[in-house]
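This is run09.cif. It holds mmCIF, C-alpha atoms.
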```
data_work
loop_
_atom_site.label_atom_id
_atom_site.label_comp_id
_atom_site.auth_asym_id
_atom_site.auth_seq_id
_atom_site.Cartn_x
_atom_site.Cartn_y
_atom_site.Cartn_z
CA MET L 1 0.00 0.00 0.00
CA GLN L 2 2.88 2.35 0.68
CA SER L 3 4.24 1.61 -2.81
CA ILE L 4 0.83 2.30 -4.35
CA ARG L 5 0.62 5.55 -2.42
CA GLY L 6 3.99 6.56 -3.83
CA ILE L 7 2.72 5.93 -7.38
CA VAL L 8 -0.45 7.92 -6.73
CA SER L 9 1.55 10.79 -5.25
CA THR L 10 3.78 10.81 -8.33
CA MET L 11 0.75 10.86 -10.64
CA LYS L 12 -0.72 13.75 -8.67
CA THR L 13 2.48 15.75 -8.98
CA MET L 14 2.74 15.03 -12.71
CA SER L 15 -0.88 16.13 -13.27
CA ALA L 16 -0.24 19.45 -11.53
CA ILE L 17 2.97 20.00 -13.51
CA ASN L 18 1.45 18.99 -16.87
CA ALA L 19 -1.53 21.33 -16.52
CA LEU L 20 0.58 24.49 -16.17
CA PRO L 21 2.03 24.68 -19.75
CA TYR L 22 -1.43 24.17 -21.27
CA GLU L 23 -2.92 26.86 -19.06
CA GLN L 24 -0.16 29.25 -20.10
CA ALA L 25 -0.78 28.34 -23.76
CA ALA L 26 -4.50 29.04 -23.35
CA GLN L 27 -3.73 32.47 -21.93
CA ALA L 28 -1.22 33.20 -24.70
CA ILE L 29 -3.64 32.35 -27.51
CA GLU L 30 -6.15 34.83 -26.12
CA ALA L 31 -3.81 37.67 -27.08
CA TYR L 32 -3.57 36.22 -30.59
CA GLN L 33 -7.36 35.98 -30.78
CA ASP L 34 -7.69 39.60 -29.68
CA THR L 35 -5.48 40.58 -32.63
CA VAL L 36 -7.65 38.54 -35.00
CA MET L 37 -10.79 40.19 -33.63
CA ALA L 38 -9.18 43.59 -34.21
CA GLY L 39 -8.68 42.50 -37.82
CA PHE L 40 -12.37 41.57 -38.08
CA HIS L 41 -13.28 44.94 -36.61
CA ALA L 42 -11.23 46.72 -39.22
CA PHE L 43 -12.72 44.57 -41.99
CA VAL L 44 -16.36 45.25 -41.07
CA ARG L 45 -15.46 48.92 -40.56
CA CYS L 46 -14.43 49.10 -44.21
CA HIS L 47 -16.73 46.56 -45.88
CA GLY L 48 -19.76 46.44 -43.59
CA PRO L 49 -21.14 43.56 -41.48
CA LEU L 50 -20.94 39.99 -42.68
CA PRO L 51 -24.05 38.19 -43.94
CA GLU L 52 -25.92 36.46 -41.13
CA ASP L 53 -27.87 33.85 -43.07
CA ALA L 54 -26.52 30.33 -42.53
CA ASP L 55 -26.60 27.77 -45.32
CA PRO L 56 -29.35 25.27 -44.41
CA ALA L 57 -27.59 22.60 -46.48
CA ALA L 58 -24.31 22.98 -44.57
CA ALA L 59 -22.87 19.71 -43.25
CA ALA L 60 -22.83 19.60 -39.44
CA ILE L 61 -19.53 18.66 -37.77
CA ALA L 62 -18.78 18.31 -34.05
CA ILE L 63 -15.18 18.25 -32.82
CA VAL L 64 -15.07 16.45 -29.46
CA PHE L 65 -11.99 16.91 -27.26
CA GLY L 66 -11.17 14.16 -24.75
CA SER L 67 -8.15 12.33 -23.37
CA ASP L 68 -5.73 9.66 -24.54
CA HIS L 69 -5.08 8.39 -21.02
CA GLY L 70 -7.24 7.14 -18.20
CA LEU L 71 -7.16 7.73 -14.44
CA CYS L 72 -9.39 10.79 -14.81
CA GLY L 73 -12.70 9.33 -13.65
CA ASN L 74 -15.73 9.72 -15.92
CA TYR L 75 -14.22 12.72 -17.71
CA ASN L 76 -14.62 11.28 -21.22
CA GLU L 77 -18.08 9.83 -20.54
CA ILE L 78 -19.40 13.27 -19.48
CA VAL L 79 -18.09 14.93 -22.65
CA ALA L 80 -19.41 12.04 -24.76
CA THR L 81 -22.87 12.57 -23.26
CA GLU L 82 -22.77 16.22 -24.37
CA ALA L 83 -21.76 15.07 -27.87
CA MET L 84 -24.72 12.67 -27.84
CA ARG L 85 -27.03 15.59 -27.01
CA ILE L 86 -25.81 17.45 -30.09
CA LYS L 87 -26.17 14.27 -32.14
CA HIS L 88 -29.80 13.99 -31.06
CA LEU L 89 -30.48 17.59 -32.11
CA ALA L 90 -28.92 16.98 -35.54
CA PRO L 91 -28.67 13.24 -36.30
CA SER L 92 -26.59 13.85 -39.43
CA THR L 93 -23.79 15.48 -37.43
CA GLY L 94 -20.39 13.99 -38.16
CA VAL L 95 -17.94 13.69 -35.27
CA ILE L 96 -14.20 14.32 -35.23
CA CYS L 97 -12.75 12.83 -32.06
CA VAL L 98 -9.59 13.97 -30.26
CA GLY L 99 -8.34 11.34 -27.82
CA ALA L 100 -8.27 7.53 -27.84
CA GLN L 101 -10.18 7.27 -24.56
CA MET L 102 -12.79 9.66 -25.91
CA GLU L 103 -13.26 7.43 -28.96
CA ASP L 104 -14.07 4.49 -26.65
CA ALA L 105 -16.59 6.65 -24.76
CA LEU L 106 -18.26 7.77 -28.00
CA VAL L 107 -18.41 4.25 -29.42
CA GLY L 108 -19.95 3.11 -26.14
CA LEU L 109 -22.83 5.53 -26.83
CA GLY L 110 -23.20 4.36 -30.41
CA ILE L 111 -21.32 7.29 -32.04
CA VAL L 112 -18.67 6.26 -34.57
CA PRO L 113 -16.26 9.17 -35.25
CA LYS L 114 -15.25 10.05 -38.79
CA THR L 115 -11.65 10.56 -37.64
CA THR L 116 -9.79 10.15 -34.37
CA LEU L 117 -6.72 12.22 -33.57
CA LEU L 118 -4.36 11.85 -30.64
CA THR L 119 -4.08 14.60 -28.05
CA PRO L 120 -0.83 16.60 -28.01
CA ALA L 121 1.89 15.23 -25.77
CA THR L 122 3.13 18.73 -24.94
CA ALA L 123 1.87 22.29 -25.24
CA ASP L 124 3.96 22.67 -28.43
CA GLY L 125 1.67 20.16 -30.11
CA LEU L 126 -1.44 22.31 -29.69
CA GLY L 127 -0.59 24.32 -32.80
CA ARG L 128 -0.02 21.18 -34.89
CA LEU L 129 -3.32 19.69 -33.70
CA SER L 130 -5.20 22.90 -34.53
CA GLY L 131 -3.62 23.06 -37.99
CA ARG L 132 -4.54 19.45 -38.70
CA LEU L 133 -8.13 20.04 -37.60
CA ILE L 134 -8.39 23.01 -39.96
CA THR L 135 -7.08 20.82 -42.80
CA LEU L 136 -9.70 18.19 -42.02
CA LEU L 137 -12.45 20.81 -41.97
CA ASP L 138 -11.28 22.10 -45.37
CA LYS L 139 -11.49 18.58 -46.81
CA LEU L 140 -14.96 18.03 -45.39
CA ARG L 141 -16.12 21.39 -46.74
CA LEU L 142 -14.82 20.67 -50.22
CA SER L 143 -16.29 17.16 -50.24
CA GLY L 144 -19.74 18.34 -49.18
CA ALA L 145 -22.59 18.90 -51.60
CA SER L 146 -23.11 22.54 -50.62
CA GLY L 147 -19.49 23.42 -49.99
CA ALA L 148 -20.38 24.73 -46.52
CA ILE L 149 -20.06 23.27 -43.04
CA GLY L 150 -21.33 24.09 -39.57
CA VAL L 151 -18.84 23.27 -36.81
CA SER L 152 -19.34 22.89 -33.06
CA LEU L 153 -16.69 22.32 -30.40
CA VAL L 154 -17.41 20.02 -27.46
CA HIS L 155 -15.05 19.88 -24.50
CA MET L 156 -14.84 20.17 -20.74
CA GLN L 157 -14.58 23.66 -19.30
CA ARG L 158 -13.51 24.91 -15.89
CA GLY L 159 -16.08 26.51 -13.62
CA ALA L 160 -16.12 28.22 -10.25
CA HIS L 161 -14.62 26.56 -7.17
CA GLY L 162 -12.70 23.99 -9.22
CA GLU L 163 -15.82 22.55 -10.86
CA GLN L 164 -15.92 21.30 -14.43
CA HIS L 165 -18.79 21.04 -16.89
CA PRO L 166 -19.09 20.10 -20.58
CA VAL L 167 -19.78 22.85 -23.11
CA SER L 168 -20.64 22.97 -26.81
CA LEU L 169 -19.50 26.10 -28.63
CA ARG L 170 -20.46 27.22 -32.11
CA LEU L 171 -17.45 27.73 -34.35
CA LEU L 172 -18.93 27.95 -37.85
CA PRO L 173 -20.79 29.77 -39.19
CA LEU L 174 -19.50 32.81 -37.38
CA ASP L 175 -21.69 34.11 -34.59
CA PRO L 176 -23.90 36.84 -36.13
CA GLY L 177 -23.99 38.66 -32.82
CA MET L 178 -20.20 38.89 -32.79
CA THR L 179 -19.94 40.40 -36.27
CA ARG L 180 -22.92 42.69 -35.62
CA GLN L 181 -21.32 43.96 -32.44
CA LEU L 182 -18.05 44.61 -34.25
CA ALA L 183 -19.88 46.55 -36.96
CA GLN L 184 -21.60 48.72 -34.35
CA ARG L 185 -18.48 49.37 -32.31
CA PRO L 186 -16.89 52.75 -33.06
CA TRP L 187 -13.38 52.87 -34.47
CA ASP L 188 -11.18 54.21 -31.69
CA SER L 189 -8.20 55.35 -33.71
CA ARG L 190 -8.02 58.46 -35.86
CA SER L 191 -6.20 56.40 -38.50
CA LEU L 192 -8.65 54.53 -40.67
CA PRO L 193 -7.79 50.92 -41.62
CA GLN L 194 -6.57 50.20 -45.15
CA PHE L 195 -6.02 46.89 -46.90
CA ARG L 196 -4.11 45.78 -49.96
CA MET L 197 -5.45 42.23 -50.14
CA PRO L 198 -8.69 41.52 -52.00
CA PRO L 199 -11.63 41.46 -49.57
CA ASP L 200 -12.45 37.78 -50.15
CA ARG L 201 -8.87 36.64 -49.54
CA LEU L 202 -8.56 38.89 -46.49
CA LEU L 203 -11.80 37.55 -45.01
CA ALA L 204 -10.74 33.96 -45.66
CA SER L 205 -7.43 34.61 -43.92
CA LEU L 206 -9.16 36.21 -40.93
CA ILE L 207 -11.61 33.31 -40.63
CA ARG L 208 -8.78 30.78 -40.82
CA SER L 209 -6.86 32.62 -38.09
CA TYR L 210 -10.02 32.82 -35.99
CA LEU L 211 -10.59 29.08 -36.38
CA PHE L 212 -6.99 28.36 -35.41
CA ALA L 213 -7.26 30.48 -32.25
CA ARG L 214 -10.56 28.91 -31.18
CA LEU L 215 -9.39 25.34 -31.84
CA PHE L 216 -6.11 26.02 -30.04
CA ARG L 217 -7.99 27.48 -27.07
CA SER L 218 -10.42 24.56 -26.86
CA ALA L 219 -7.64 21.97 -27.11
CA ALA L 220 -5.64 23.72 -24.38
CA GLU L 221 -8.72 24.00 -22.15
CA ALA L 222 -9.43 20.30 -22.64
CA MET L 223 -5.88 19.38 -21.61
CA VAL L 224 -6.05 21.62 -18.53
CA THR L 225 -9.36 20.15 -17.38
CA GLU L 226 -8.16 16.60 -18.09
CA ASN L 227 -5.13 17.04 -15.85
CA ALA L 228 -7.28 18.79 -13.24
CA ALA L 229 -9.69 15.84 -13.26
CA ARG L 230 -6.80 13.40 -12.93
CA LEU L 231 -5.36 15.47 -10.08
CA ALA L 232 -8.71 15.39 -8.25
CA ARG L 233 -8.97 11.61 -8.72
CA MET L 234 -5.43 11.09 -7.47
CA GLN L 235 -6.18 13.19 -4.39
CA GLN L 236 -9.23 11.05 -3.68
CA ALA L 237 -7.17 7.90 -4.23
CA GLU L 238 -4.46 9.21 -1.91
CA GLN L 239 -7.01 9.86 0.85
CA SER L 240 -8.50 6.40 0.35
CA ILE L 241 -5.06 4.78 0.47
CA ASP L 242 -4.17 6.69 3.63
CA GLY L 243 -7.34 5.34 5.22
CA GLN L 244 -6.46 1.81 4.11
CA ILE L 245 -2.94 2.20 5.45
CA GLU L 246 -4.31 3.27 8.86
CA THR L 247 -6.69 0.30 8.86
CA LEU L 248 -3.93 -2.13 7.92
CA ALA L 249 -1.58 -0.62 10.50
CA ALA L 250 -4.24 -1.08 13.19
CA GLU L 251 -4.81 -4.67 12.09
CA MET L 252 -1.06 -5.25 12.09
CA ARG L 253 -0.77 -3.89 15.63
CA LEU L 254 -3.60 -6.13 16.79
CA ALA L 255 -2.01 -9.15 15.12
CA ARG L 256 1.35 -8.30 16.68
CA GLN L 257 -0.23 -7.83 20.10
CA SER L 258 -2.00 -11.17 19.75
CA GLU L 259 1.28 -12.82 18.79
CA ILE L 260 3.08 -11.27 21.76
CA THR L 261 0.26 -12.35 24.09
CA THR L 262 0.45 -15.91 22.76
CA GLU L 263 4.22 -16.00 23.25
CA LEU L 264 3.87 -14.69 26.82
CA LEU L 265 1.22 -17.31 27.59
CA ASP L 266 3.50 -20.01 26.19
CA VAL L 267 6.32 -18.80 28.46
CA ILE L 268 4.03 -18.67 31.50
CA ILE L 269 2.58 -22.11 30.80
CA GLY L 270 6.06 -23.52 30.34
CA PHE L 271 7.23 -21.89 33.55
CA GLU L 272 4.27 -23.26 35.50
CA ALA L 273 4.88 -26.72 34.02
CA LEU L 274 8.52 -26.62 35.14
CA LYS L 275 7.51 -25.51 38.65
CA GLY L 276 5.00 -28.35 38.87
CA ARG L 277 7.57 -30.92 37.77
CA GLU L 278 10.14 -29.65 40.29
CA LYS L 279 7.53 -29.79 43.06
CA ARG L 280 6.61 -33.34 42.16
CA SER L 281 10.31 -34.30 42.18
CA ARG L 282 10.76 -32.84 45.68
CA ASP L 283 7.69 -34.61 46.94
CA ARG L 284 9.04 -38.01 45.77
CA GLN L 285 12.37 -37.53 47.53
CA PRO L 286 12.65 -39.38 50.99
#
```

I need this file expressed as structure tokens, please.
Amino acid sequence: MQSIRGIVSTMKTMSAINALPYEQAAQAIEAYQDTVMAGFHAFVRCHGPLPEDADPAAAAIAIVFGSDHGLCGNYNEIVATEAMRIKHLAPSTGVICVGAQMEDALVGLGIVPKTTLLTPATADGLGRLSGRLITLLDKLRLSGASGAIGVSLVHMQRGAHGEQHPVSLRLLPLDPGMTRQLAQRPWDSRSLPQFRMPPDRLLASLIRSYLFARLFRSAAEAMVTENAARLARMQQAEQSIDGQIETLAAEMRLARQSEITTELLDVIIGFEALKGREKRSRDRQP
């Protein structure tokens, strides 16, 4: 039990250490996303708000972020249940899964992913994962009948007081409220924005950068919450093991006390037997 406790303590420390780089990456990408949003603001300032009508024939895609490793409780099952809710709302929704354990949870609910990707081993892999997801979305868009897709992100998100809850976020088409708000926001600088790229290419570049930032942020958040869930489970396991160790130590003390008592009784019985034999020997002497 002491050896098991050492393993659990090591896992707890590793979970706390692994979560920090992903949390820093999530904070860093927010600055990048702010720059992209400033680009959108400048674009709508010059060319007006974006169209708000979504293509009804757009193929629905859900990207579900989970874990590759276990020891994090029912983390993947909770996220898979949220993905099932989206699947019920739109049965034709295709699923892109991130995480081998998440794939098992989805298959257990009857959802077969189109593609399964592995989670990044380090924070440096978040960018590669986001780029690969964008490539997959481009392929799905080009292979669709309408040439349009609607994308949702499903992952675990941190809440107040260390709580976690699954969320589904709309990625594509762009939120009309966001673009409308940008169009209504006044331009703060006295220098008006100017562009040299054609509007369609500029908008495509902005959307691609926006997708990258959102996918990066969701992947980082998923990794932070996964390690937080594993840390919480390891803390519970450590408390349980400590209780078991106390119980075993008490049982060991009782067993040792019983053994000592038995040995003392054997000594006393032997001593009394010797005294009785000596007494009988004296009584037989003339």

| query | Could you pull the residues within 10 Å of L:Gly125, counting all atoms listed in the file, minus those fewer than 6 positions along the same chain, as a list in words? | reply | Thr119, Gly131, Phe216, Ala219 and Ala220 of chain L

| said: Restricting the calculation to all atoms listed in the file: of L:Pro49, L:Gly127, L:Gly108, L:Pro56, which residue gets closest to L:Ala26? | reply: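 Using all atoms listed in the file, the shortest distance to L:Ala26 belongs to L:Gly127.
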
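Proximity to L:Thr93 at 9 Å, evaluated using all atoms listed in the file and with sequence-adjacent residues fewer than 3 positions away removed, yields L:Ala59, L:Ala60, L:Ile61, L:Ala62, L:Ile86, L:Lys87, L:His88, L:Leu89, L:Ala90.
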
Name all residues at most 12 Å from L:Pro193 (count all atoms listed in the file; drop same-chain ones fewer than 4 positions away) and give them as a compact mmCIF listing (two decimals) with C-alpha atoms, in the frame of the given file.
```txt
# COMPACT_ATOMS: atom_id res chain seq x y z
CA ALA L 38 -9.18 43.59 -34.21
CA GLY L 39 -8.68 42.50 -37.82
CA PHE L 40 -12.37 41.57 -38.08
CA HIS L 41 -13.28 44.94 -36.61
CA ALA L 42 -11.23 46.72 -39.22
CA PHE L 43 -12.72 44.57 -41.99
CA VAL L 44 -16.36 45.25 -41.07
CA ARG L 45 -15.46 48.92 -40.56
CA CYS L 46 -14.43 49.10 -44.21
CA HIS L 47 -16.73 46.56 -45.88
CA TRP L 187 -13.38 52.87 -34.47
CA ASP L 188 -11.18 54.21 -31.69
CA SER L 189 -8.20 55.35 -33.71
```

| query | So which residues touch L:Asp34 within 12 Å, counting all atoms listed in the file, skipping near sequence neighbours fewer than 3 positions away, as a list in words? | reply | Gln27, Ala28, Ile29, Glu30, Ala31, Met37, Ala38, Gly39, Phe40, His41, Leu206, Ser209, Tyr210, Ala213 and Arg214 of chain L

| task | Let me know the residues the PyMOL selection byres ((chain L and resi 211) around 12) catches in the file above, as a PyMOL selection string. | result | chain L and resi 29+32-33+36-37+127+130-135+137-138+151-153+170-174+204-210+212-218

With 6 Å on each side, where is the centre of the axis-aligned box around all listed atoms of stretch 99-113 of chain L, and how long are its edges in Å to one decimal, as lines of an AutoDock Vina configuration file?
```
center_x = -15.7
center_y = 7.2
center_z = -29.9
size_x = 26.9
size_y = 20.2
size_z = 22.7
```

| message | Once the PyMOL selection byres ((chain L and resi 164) around 12) is applied to the coordinates I shared, what remains selected? I want it as a PyMOL selection string. | response | chain L and resi 74-75+78-79+155-163+165-167+221-222+224-229+232

| Expected selection from the PyMOL selection byres ((chain L and resi 4) around 12), given as a VMD selection string | chain L and resid 1 to 3 5 to 11 234 237 to 238 240 to 242 244 to 245

| note | Separating atom CA of L:Lys139 from atom CA of L:Thr115, to the nearest tenth of an Å, is a gap of 12.2 Å

| query | Taking into account all atoms listed in the file, which residue in the set L:Pro21, L:Glu263, L:Ile63, L:Gln194 is nearest to L:Asp124? | reply |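 Distance minimum relative to L:Asp124 lands on L:Pro21.
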
| query | What is the atom CA of L:Arg277 to atom CA of L:Glu259 distance in Å? | reply | 27.0 Å
